[in-house]
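A.B. asks: To be precise about what I am sending: the file is called start_13.cif and holds mmCIF, C-alpha atoms and all ligand atoms.
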```cif
data_upload
#
loop_
_atom_site.group_PDB
_atom_site.id
_atom_site.type_symbol
_atom_site.label_atom_id
_atom_site.label_comp_id
_atom_site.auth_asym_id
_atom_site.auth_seq_id
_atom_site.Cartn_x
_atom_site.Cartn_y
_atom_site.Cartn_z
ATOM 1 C CA MET A 1 0.000 0.000 0.000
ATOM 2 C CA GLU A 2 1.252 3.463 -1.045
ATOM 3 C CA LYS A 3 2.211 5.878 1.755
ATOM 4 C CA ASN A 4 0.290 9.174 1.715
ATOM 5 C CA ASN A 5 2.008 12.545 2.283
ATOM 6 C CA LEU A 6 1.151 12.570 5.950
ATOM 7 C CA THR A 7 3.075 9.408 6.455
ATOM 8 C CA ASN A 8 5.843 10.078 3.917
ATOM 9 C CA GLY A 9 8.599 11.467 6.142
ATOM 10 C CA SER A 10 10.879 12.802 3.357
ATOM 11 C CA ILE A 11 8.172 14.948 1.677
ATOM 12 C CA ASP A 12 7.039 16.376 5.006
ATOM 13 C CA ILE A 13 10.557 17.352 5.944
ATOM 14 C CA HIS A 14 11.062 19.152 2.620
ATOM 15 C CA GLN A 15 7.823 20.960 2.954
ATOM 16 C CA LEU A 16 8.586 21.879 6.519
ATOM 17 C CA GLU A 17 12.006 23.104 5.502
ATOM 18 C CA LYS A 18 10.420 25.202 2.759
ATOM 19 C CA TYR A 19 7.864 26.652 5.184
ATOM 20 C CA ALA A 20 10.612 27.435 7.652
ATOM 21 C CA ASP A 21 12.654 29.011 4.886
ATOM 22 C CA ASP A 22 9.693 31.115 3.721
ATOM 23 C CA LEU A 23 8.987 32.103 7.280
ATOM 24 C CA VAL A 24 12.582 33.245 7.786
ATOM 25 C CA LYS A 25 12.470 35.161 4.493
ATOM 26 C CA ALA A 26 9.130 36.773 5.435
ATOM 27 C CA TYR A 27 10.508 37.649 8.849
ATOM 28 C CA LYS A 28 13.682 39.135 7.350
ATOM 29 C CA SER A 29 11.694 41.043 4.765
ATOM 30 C CA GLU A 30 9.337 42.324 7.457
ATOM 31 C CA LYS A 31 12.319 43.364 9.594
ATOM 32 C CA GLN A 32 13.880 45.109 6.620
ATOM 33 C CA LYS A 33 10.626 46.907 5.875
ATOM 34 C CA ARG A 34 10.329 47.969 9.494
ATOM 35 C CA LYS A 35 13.898 49.308 9.369
ATOM 36 C CA GLU A 36 13.135 51.221 6.171
ATOM 37 C CA LEU A 37 9.929 52.570 7.685
ATOM 38 C CA GLU A 38 11.792 53.670 10.783
ATOM 39 C CA ALA A 39 14.462 55.367 8.629
ATOM 40 C CA ALA A 40 11.745 57.062 6.553
ATOM 41 C CA ASN A 41 10.049 58.147 9.744
ATOM 42 C CA GLN A 42 13.286 59.619 11.096
ATOM 43 C CA GLN A 43 13.815 61.382 7.782
ATOM 44 C CA LEU A 44 10.313 62.838 8.021
ATOM 45 C CA VAL A 45 10.956 64.045 11.569
ATOM 46 C CA LYS A 46 14.160 65.681 10.315
ATOM 47 C CA PHE A 47 12.310 67.316 7.399
ATOM 48 C CA ALA A 48 9.643 68.620 9.798
ATOM 49 C CA ASP A 49 12.367 69.941 12.061
ATOM 50 C CA ASP A 50 14.172 71.641 9.160
ATOM 51 C CA LEU A 51 10.891 73.078 7.912
ATOM 52 C CA ASN A 52 10.145 74.431 11.353
ATOM 53 C CA LYS A 53 13.578 76.041 11.527
ATOM 54 C CA THR A 54 13.121 77.558 8.057
ATOM 55 C CA VAL A 55 9.703 78.957 8.995
ATOM 56 C CA LEU A 56 11.186 80.479 12.168
ATOM 57 C CA GLU A 57 14.086 81.962 10.173
ATOM 58 C CA LEU A 58 11.644 83.380 7.602
ATOM 59 C CA LYS A 59 9.482 84.844 10.371
ATOM 60 C CA SER A 60 12.521 86.438 11.943
ATOM 61 C CA ALA A 61 13.700 87.798 8.556
ATOM 62 C CA HIS A 62 10.194 89.153 7.890
ATOM 63 C CA GLN A 63 10.116 90.833 11.290
ATOM 64 C CA GLU A 64 13.574 92.295 10.717
ATOM 65 C CA LEU A 65 12.444 93.615 7.330
ATOM 66 C CA GLN A 66 9.276 95.090 8.877
ATOM 67 C CA GLU A 67 11.336 96.770 11.610
ATOM 68 C CA SER A 68 13.816 98.163 9.057
ATOM 69 C CA TYR A 69 10.897 99.469 7.001
ATOM 70 C CA LEU A 70 9.280 101.189 9.995
ATOM 71 C CA ASP A 71 12.652 102.475 11.155
ATOM 72 C CA THR A 72 13.252 103.986 7.700
ATOM 73 C CA ILE A 73 9.864 105.706 7.862
ATOM 74 C CA HIS A 74 10.700 107.055 11.299
ATOM 75 C CA ARG A 75 14.012 108.454 10.063
ATOM 76 C CA LEU A 76 12.353 110.017 7.008
ATOM 77 C CA VAL A 77 9.963 111.764 9.401
ATOM 78 C CA LEU A 78 12.799 112.947 11.637
ATOM 79 C CA ALA A 79 14.677 114.262 8.574
ATOM 80 C CA ALA A 80 11.620 116.244 7.471
ATOM 81 C CA GLU A 81 10.947 117.609 10.951
ATOM 82 C CA TYR A 82 14.583 118.141 11.922
ATOM 83 C CA LYS A 83 14.421 121.919 11.938
ATOM 84 C CA ASP A 84 11.233 122.245 13.977
ATOM 85 C CA GLU A 85 11.449 122.428 17.751
ATOM 86 C CA ASP A 86 10.350 119.480 19.869
ATOM 87 C CA THR A 87 9.349 117.506 16.805
ATOM 88 C CA GLY A 88 10.358 114.136 18.179
ATOM 89 C CA GLY A 89 7.832 114.503 20.970
ATOM 90 C CA HIS A 90 5.250 116.076 18.640
ATOM 91 C CA ILE A 91 5.146 113.221 16.153
ATOM 92 C CA ILE A 92 4.996 110.582 18.888
ATOM 93 C CA ARG A 93 2.230 112.324 20.826
ATOM 94 C CA MET A 94 0.082 113.080 17.788
ATOM 95 C CA SER A 95 0.544 109.608 16.303
ATOM 96 C CA ARG A 96 -0.435 107.978 19.609
ATOM 97 C CA TYR A 97 -3.458 110.294 20.006
ATOM 98 C CA SER A 98 -4.449 109.504 16.414
ATOM 99 C CA ALA A 99 -4.194 105.722 16.832
ATOM 100 C CA PHE A 100 -6.169 105.898 20.067
ATOM 101 C CA ILE A 101 -8.975 108.007 18.525
ATOM 102 C CA ALA A 102 -9.032 105.779 15.426
ATOM 103 C CA GLU A 103 -9.575 102.766 17.671
ATOM 104 C CA MET A 104 -12.286 104.524 19.689
ATOM 105 C CA LEU A 105 -14.049 105.538 16.442
ATOM 106 C CA GLY A 106 -14.021 101.885 15.352
ATOM 107 C CA LEU A 107 -11.804 102.210 12.284
ATOM 108 C CA PRO A 108 -10.768 98.871 10.696
ATOM 109 C CA ALA A 109 -8.020 97.132 12.697
ATOM 110 C CA ARG A 110 -5.586 97.490 9.785
ATOM 111 C CA ASP A 111 -5.973 101.300 9.765
ATOM 112 C CA VAL A 112 -5.626 101.454 13.553
ATOM 113 C CA GLU A 113 -2.416 99.438 13.182
ATOM 114 C CA ASN A 114 -1.090 101.637 10.337
ATOM 115 C CA ILE A 115 -2.010 105.094 11.673
ATOM 116 C CA PRO A 116 0.850 105.357 14.210
ATOM 117 C CA TYR A 117 3.301 104.950 11.313
ATOM 118 C CA ALA A 118 1.389 106.927 8.687
ATOM 119 C CA ALA A 119 0.379 109.925 10.842
ATOM 120 C CA PRO A 120 3.955 111.076 11.602
ATOM 121 C CA MET A 121 4.494 111.596 7.862
ATOM 122 C CA HIS A 122 1.756 114.252 7.648
ATOM 123 C CA ASP A 123 4.293 117.103 7.361
ATOM 124 C CA VAL A 124 6.937 115.282 5.321
ATOM 125 C CA GLY A 125 6.434 117.895 2.565
ATOM 126 C CA LYS A 126 8.003 120.538 4.835
ATOM 127 C CA ILE A 127 11.260 119.237 3.429
ATOM 128 C CA GLY A 128 10.448 121.408 0.390
ATOM 129 C CA ILE A 129 9.743 124.610 2.346
ATOM 130 C CA PRO A 130 12.583 127.160 2.626
ATOM 131 C CA ASP A 131 14.069 127.593 6.127
ATOM 132 C CA LYS A 132 13.299 131.313 6.202
ATOM 133 C CA ILE A 133 9.588 130.446 6.070
ATOM 134 C CA LEU A 134 9.689 127.218 8.070
ATOM 135 C CA MET A 135 11.715 128.687 10.922
ATOM 136 C CA LYS A 136 10.359 132.247 10.906
ATOM 137 C CA PRO A 137 9.656 133.231 14.507
ATOM 138 C CA GLY A 138 6.926 135.775 13.663
ATOM 139 C CA LYS A 139 3.703 135.646 11.670
ATOM 140 C CA LEU A 140 3.994 134.606 8.025
ATOM 141 C CA THR A 141 3.039 137.045 5.262
ATOM 142 C CA ASP A 142 0.199 135.957 2.953
ATOM 143 C CA GLU A 143 2.730 135.020 0.305
ATOM 144 C CA GLU A 144 4.811 133.018 2.778
ATOM 145 C CA PHE A 145 1.694 131.283 4.088
ATOM 146 C CA ASP A 146 0.694 130.333 0.538
ATOM 147 C CA PHE A 147 4.126 128.775 0.147
ATOM 148 C CA MET A 148 3.802 127.010 3.496
ATOM 149 C CA LYS A 149 0.496 125.468 2.365
ATOM 150 C CA THR A 150 2.301 123.597 -0.385
ATOM 151 C CA HIS A 151 3.827 121.238 2.200
ATOM 152 C CA THR A 152 0.592 119.229 1.801
ATOM 153 C CA THR A 153 0.956 118.727 -1.942
ATOM 154 C CA ILE A 154 4.736 118.280 -1.756
ATOM 155 C CA GLY A 155 4.203 115.578 0.894
ATOM 156 C CA ALA A 156 1.569 113.875 -1.252
ATOM 157 C CA LYS A 157 3.975 113.809 -4.199
ATOM 158 C CA ILE A 158 6.760 112.319 -2.056
ATOM 159 C CA LEU A 159 4.406 109.589 -0.826
ATOM 160 C CA ALA A 160 2.542 108.980 -4.123
ATOM 161 C CA ASP A 161 2.154 105.676 -5.990
ATOM 162 C CA SER A 162 3.387 103.369 -3.265
ATOM 163 C CA LYS A 163 2.172 99.789 -3.059
ATOM 164 C CA ALA A 164 2.670 99.859 0.722
ATOM 165 C CA GLU A 165 -0.561 100.378 2.702
ATOM 166 C CA ILE A 166 1.176 102.573 5.290
ATOM 167 C CA LEU A 167 2.464 104.957 2.634
ATOM 168 C CA GLN A 168 -0.918 105.050 0.867
ATOM 169 C CA LEU A 169 -2.553 106.056 4.157
ATOM 170 C CA ALA A 170 0.281 108.517 4.813
ATOM 171 C CA GLN A 171 -0.339 110.146 1.435
ATOM 172 C CA GLN A 172 -4.060 110.639 2.219
ATOM 173 C CA ILE A 173 -3.131 112.198 5.553
ATOM 174 C CA ALA A 174 -0.361 114.383 4.095
ATOM 175 C CA ILE A 175 -2.583 115.951 1.472
ATOM 176 C CA SER A 176 -5.714 116.339 3.619
ATOM 177 C CA HIS A 177 -4.644 117.081 7.192
ATOM 178 C CA HIS A 178 -5.216 120.844 6.755
ATOM 179 C CA GLU A 179 -8.673 120.464 5.217
ATOM 180 C CA LYS A 180 -11.492 121.714 7.455
ATOM 181 C CA TRP A 181 -14.912 120.189 8.118
ATOM 182 C CA ASN A 182 -16.548 123.472 6.934
ATOM 183 C CA GLY A 183 -14.644 123.405 3.624
ATOM 184 C CA ARG A 184 -12.368 126.358 4.433
ATOM 185 C CA GLY A 185 -9.142 124.398 4.696
ATOM 186 C CA TYR A 186 -6.456 123.673 2.124
ATOM 187 C CA PRO A 187 -5.207 122.586 -0.385
ATOM 188 C CA GLN A 188 -8.441 121.376 -2.008
ATOM 189 C CA GLY A 189 -11.137 122.988 0.180
ATOM 190 C CA LEU A 190 -12.740 119.582 0.828
ATOM 191 C CA ALA A 191 -15.644 119.539 3.311
ATOM 192 C CA GLY A 192 -17.289 117.061 5.704
ATOM 193 C CA ASP A 193 -16.770 113.392 5.111
ATOM 194 C CA THR A 194 -15.201 113.914 1.698
ATOM 195 C CA ILE A 195 -12.064 114.492 3.800
ATOM 196 C CA PRO A 196 -10.546 111.049 4.539
ATOM 197 C CA LEU A 197 -11.339 110.084 8.149
ATOM 198 C CA ALA A 198 -7.687 109.430 9.029
ATOM 199 C CA ALA A 199 -6.884 113.005 7.909
ATOM 200 C CA ARG A 200 -9.796 114.371 10.004
ATOM 201 C CA ILE A 201 -8.362 112.596 13.045
ATOM 202 C CA VAL A 202 -4.796 113.770 12.387
ATOM 203 C CA GLY A 203 -6.096 117.291 11.650
ATOM 204 C CA LEU A 204 -7.365 117.467 15.239
ATOM 205 C CA THR A 205 -4.492 115.731 17.024
ATOM 206 C CA ASP A 206 -1.944 117.825 15.098
ATOM 207 C CA VAL A 207 -3.624 121.066 16.164
ATOM 208 C CA PHE A 208 -4.127 119.941 19.775
ATOM 209 C CA ASP A 209 -0.478 119.002 20.052
ATOM 210 C CA ALA A 210 0.710 122.173 18.289
ATOM 211 C CA LEU A 211 -1.375 124.270 20.718
ATOM 212 C CA THR A 212 0.022 122.511 23.779
ATOM 213 C CA SER A 213 3.653 122.509 22.540
ATOM 214 C CA LYS A 214 6.315 125.171 22.279
ATOM 215 C CA ARG A 215 6.902 126.413 18.728
ATOM 216 C CA PRO A 216 9.374 128.988 17.310
ATOM 217 C CA TYR A 217 6.556 131.540 17.274
ATOM 218 C CA LYS A 218 4.774 130.718 20.561
ATOM 219 C CA ASP A 219 4.895 129.215 24.049
ATOM 220 C CA PRO A 220 2.652 126.231 24.806
ATOM 221 C CA PHE A 221 -0.963 127.082 25.634
ATOM 222 C CA PRO A 222 -2.381 125.679 28.875
ATOM 223 C CA VAL A 223 -4.339 122.465 28.163
ATOM 224 C CA GLU A 224 -7.658 124.122 29.193
ATOM 225 C CA VAL A 225 -7.157 126.894 26.608
ATOM 226 C CA ALA A 226 -6.328 124.336 23.897
ATOM 227 C CA LEU A 227 -9.445 122.322 24.805
ATOM 228 C CA ASP A 228 -11.615 125.454 24.602
ATOM 229 C CA ILE A 229 -10.289 126.228 21.127
ATOM 230 C CA ILE A 230 -11.044 122.674 19.951
ATOM 231 C CA LYS A 231 -14.554 122.787 21.440
ATOM 232 C CA LYS A 232 -15.277 126.059 19.610
ATOM 233 C CA GLU A 233 -14.077 124.531 16.332
ATOM 234 C CA ARG A 234 -16.419 121.505 16.598
ATOM 235 C CA GLY A 235 -18.236 121.353 13.251
ATOM 236 C CA GLU A 236 -16.110 124.214 11.883
ATOM 237 C CA HIS A 237 -12.496 123.174 11.642
ATOM 238 C CA PHE A 238 -13.037 119.696 13.078
ATOM 239 C CA ASP A 239 -15.301 116.718 12.435
ATOM 240 C CA PRO A 240 -17.901 116.784 15.286
ATOM 241 C CA ASP A 241 -17.642 112.989 15.791
ATOM 242 C CA VAL A 242 -13.851 113.165 16.149
ATOM 243 C CA VAL A 243 -14.185 116.059 18.632
ATOM 244 C CA ASP A 244 -16.777 114.098 20.640
ATOM 245 C CA VAL A 245 -14.568 111.008 20.857
ATOM 246 C CA PHE A 246 -11.619 113.236 21.761
ATOM 247 C CA PHE A 247 -13.516 114.773 24.707
ATOM 248 C CA GLU A 248 -15.128 111.495 25.795
ATOM 249 C CA ASN A 249 -11.602 110.102 26.177
ATOM 250 C CA ILE A 250 -9.768 113.227 27.266
ATOM 251 C CA ASP A 251 -8.323 111.509 30.351
ATOM 252 C CA GLN A 252 -6.652 108.887 28.157
ATOM 253 C CA ILE A 253 -5.401 111.575 25.748
ATOM 254 C CA LEU A 254 -3.838 113.559 28.603
ATOM 255 C CA LYS A 255 -2.369 110.349 30.000
ATOM 256 C CA ILE A 256 -0.624 109.726 26.639
ATOM 257 C CA LYS A 257 0.676 113.315 26.709
ATOM 258 C CA ASP A 258 2.079 112.858 30.224
ATOM 259 C CA GLU A 259 3.624 109.485 29.342
ATOM 260 C CA VAL A 260 5.445 110.774 26.237
ATOM 261 C CA ASP A 261 6.545 114.001 27.966
ATOM 262 C CA ALA A 262 7.834 112.120 31.014
ATOM 263 C CA ASP A 263 9.467 109.336 29.046
ATOM 264 C CA GLY A 264 11.259 111.502 26.497
ATOM 265 C CA ASP A 265 11.237 108.452 24.211
ATOM 266 C CA VAL A 266 10.786 109.611 20.637
ATOM 267 C CA SER A 267 10.680 106.195 18.978
ATOM 268 C CA LEU A 268 7.610 104.940 17.246
ATOM 269 C CA PRO A 269 5.832 102.012 18.924
ATOM 270 C CA GLY A 270 7.584 98.706 18.245
ATOM 271 C CA LEU A 271 10.956 100.273 17.428
HETATM 272 FE FE FE B 1 0.913 120.266 8.269
#
```
Rewrite the coordinates I just gave you, this time as structure tokens.
Ligand SMILES: [Fe+2]

C.D. replies:
Amino acid sequence: MEKNNLTNGSIDIHQLEKYADDLVKAYKSEKQKRKELEAANQQLVKFADDLNKTVLELKSAHQELQESYLDTIHRLVLAAEYKDEDTGGHIIRMSRYSAFIAEMLGLPARDVENIPYAAPMHDVGKIGIPDKILMKPGKLTDEEFDFMKTHTTIGAKILADSKAEILQLAQQIAISHHEKWNGRGYPQGLAGDTIPLAARIVGLTDVFDALTSKRPYKDPFPVEVALDIIKKERGEHFDPDVVDVFFENIDQILKIKDEVDADGDVSLPGL
């Protein structure tokens, strides 16, 4: 009688050997795959790490670029205002007042963020005004005053056609910060809300700070006198809403004034 496979020892041994062999191969292959997977995993962790480092480096480079940009703006402002007295303090106070009022009036966050950097450039066009007019201690003649008015249009030309949001806002402010709510300002005689809101805000903070600061032609007015003048000009020189917000928050405004005056720091925020 023929032996079946179960009882044929030699066939079983071969098969068993083959199974064992396959099992070893499968095990080795599995081990190899696991090793490769582990190596790939480590590589991925390294890539993620490198990517993280690159992102951090890019962020730092971006921040450095942003700071250089704002620093350049600040220096441009200082260059333009160099000959005026107390200008460092003036531009910091009025830019902080302006940002604060912009926030209280509910301007878009981007404008609130940009105003402290754009507002200080309002008088950048003074760079084109002769010293004998700019630094004249007495009252300007009509002809000299007409010349002085051109600092708005000169400033607008200097700041024109920029792709940067801050400079676009600065241009609006430069050309319109001497417009008046009643239409009797310059250079275009714009009235009411045809005057860009940022320029209406800066128009007020610039005057308030000029009144309460020493200038070549005058000593500082007491704060109460300056506040009376602004109140009287509500709806005439100044936008009534801006005046209202200014008075509603007068304690904060005066706190900013005290802080800047006490600190003597004439850097823009963040620099
Ligand atoms: Fe001005």

A.B. asks: Give me, as a ChimeraX atom specification, all polymer residues having an atom no more than 6 Å from range 175-190 of chain A, counting all atoms listed in the file and skipping those fewer than 2 positions away in the same chain.

C.D. replies: /A:152-153,156,172-173,192,195,199,203,236-239

A.B. asks: Can you work out the spacing between CA of Leu105 in chain A and CA of Val243 in chain A in Å, to one decimal?

C.D. replies: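 Those two atoms sit 10.7 Å apart.
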
A.B. asks: Taking into account all atoms listed in the file, which residue in the set A:Asp111, A:Glu64, A:Asp50, A:Glu30 is nearest to Ile166 in chain A?

C.D. replies: A:Asp111

A.B. asks: Could you tell me, counting all atoms listed in the file, which protein and nucleic acid residues lie no more than 8 Å from ligand FE 1 (chain B), written as a PyMOL selection string?

C.D. replies: chain A and resi 122-123+126+149+151-152+174+177-178+206

A.B. asks: Next, dump the selected residues to file, keeping only C-alpha atoms, as a compact mmCIF listing (two decimals), in the frame of the given file.

C.D. replies:
```txt
# COMPACT_ATOMS: atom_id res chain seq x y z
CA HIS A 122 1.76 114.25 7.65
CA ASP A 123 4.29 117.10 7.36
CA LYS A 126 8.00 120.54 4.84
CA LYS A 149 0.50 125.47 2.37
CA HIS A 151 3.83 121.24 2.20
CA THR A 152 0.59 119.23 1.80
CA ALA A 174 -0.36 114.38 4.10
CA HIS A 177 -4.64 117.08 7.19
CA HIS A 178 -5.22 120.84 6.76
CA ASP A 206 -1.94 117.82 15.10
```

A.B. asks: Could you please determine the separation between CA of Tyr19 in chain A and CA of Arg34 in chain A in Å, to one decimal place?

C.D. replies: 21.9 Å

A.B. asks: Within 8 Å of Ser213 in chain A, counting only C-alpha atoms, which residues qualify if same-chain residues fewer than 4 places away don't, as a list of chain:residue names?

C.D. replies: A:Asp86, A:His90, A:Asp209, A:Asp219, A:Pro220, A:Phe221

A.B. asks: Quote the spacing between CA of Ala160 in chain A and CA of Phe147 in chain A in Å to one decimal place.

C.D. replies: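 A separation of 20.3 Å between them.
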
A.B. asks: Evaluating the PyMOL selection byres (((chain A and resi 134) around 10) and not hetatm) on the displayed file yields which residues, as a list in words?

C.D. replies: Lys83, Asp84, Lys126, Ile127, Gly128, Ile129, Pro130, Asp131, Lys132, Ile133, Met135, Lys136, Pro137, Leu140, Glu144, Phe145, Phe147, Met148 and Pro216 of chain A

A.B. asks: Check the smallest atom-to-atom distance from each of A:Ile115, A:Ala26, A:Ile92, A:Ile253 to Val202 in chain A using only C-alpha atoms, then report the winner.

C.D. replies: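 Looking at the shortest contact to Val202 in chain A, the residue is A:Ile115.
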
A.B. asks: For the PyMOL selection byres (((chain A and resi 227) around 12) and not hetatm), applied here, can you spell out every residue it catches as a list of chain:residue names?

C.D. replies: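 Selected by the PyMOL selection byres (((chain A and resi 227) around 12) and not hetatm) here: A:Leu204, A:Thr205, A:Val207, A:Phe208, A:Asp209, A:Leu211, A:Thr212, A:Phe221, A:Pro222, A:Val223, A:Glu224, A:Val225, A:Ala226, A:Asp228, A:Ile229, A:Ile230, A:Lys231, A:Lys232, A:Glu233, A:Arg234, A:Val243, A:Asp244, A:Phe246, A:Phe247, A:Ile250, A:Ile253, A:Leu254.
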
A.B. asks: So that I can see what lies close to Pro120 in chain A, please list as a ChimeraX atom specification the residues with an atom at most 9 Å from it, counting only C-alpha atoms and leaving out residues fewer than 5 positions away in the same chain.

C.D. replies: /A:73-74,77,90-92,94-95,115,170

A.B. asks: Limited to C-alpha atoms, could you put the picked residues into a file as a short mmCIF file (atom, residue, chain, number, x, y, z; two decimals), keeping the file's coordinate frame?

C.D. replies:
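Saved result, selection.cif, follows:
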```cif
data_model
loop_
_atom_site.label_atom_id
_atom_site.label_comp_id
_atom_site.auth_asym_id
_atom_site.auth_seq_id
_atom_site.Cartn_x
_atom_site.Cartn_y
_atom_site.Cartn_z
CA ILE A 73 9.86 105.71 7.86
CA HIS A 74 10.70 107.06 11.30
CA VAL A 77 9.96 111.76 9.40
CA HIS A 90 5.25 116.08 18.64
CA ILE A 91 5.15 113.22 16.15
CA ILE A 92 5.00 110.58 18.89
CA MET A 94 0.08 113.08 17.79
CA SER A 95 0.54 109.61 16.30
CA ILE A 115 -2.01 105.09 11.67
CA ALA A 170 0.28 108.52 4.81
#
```
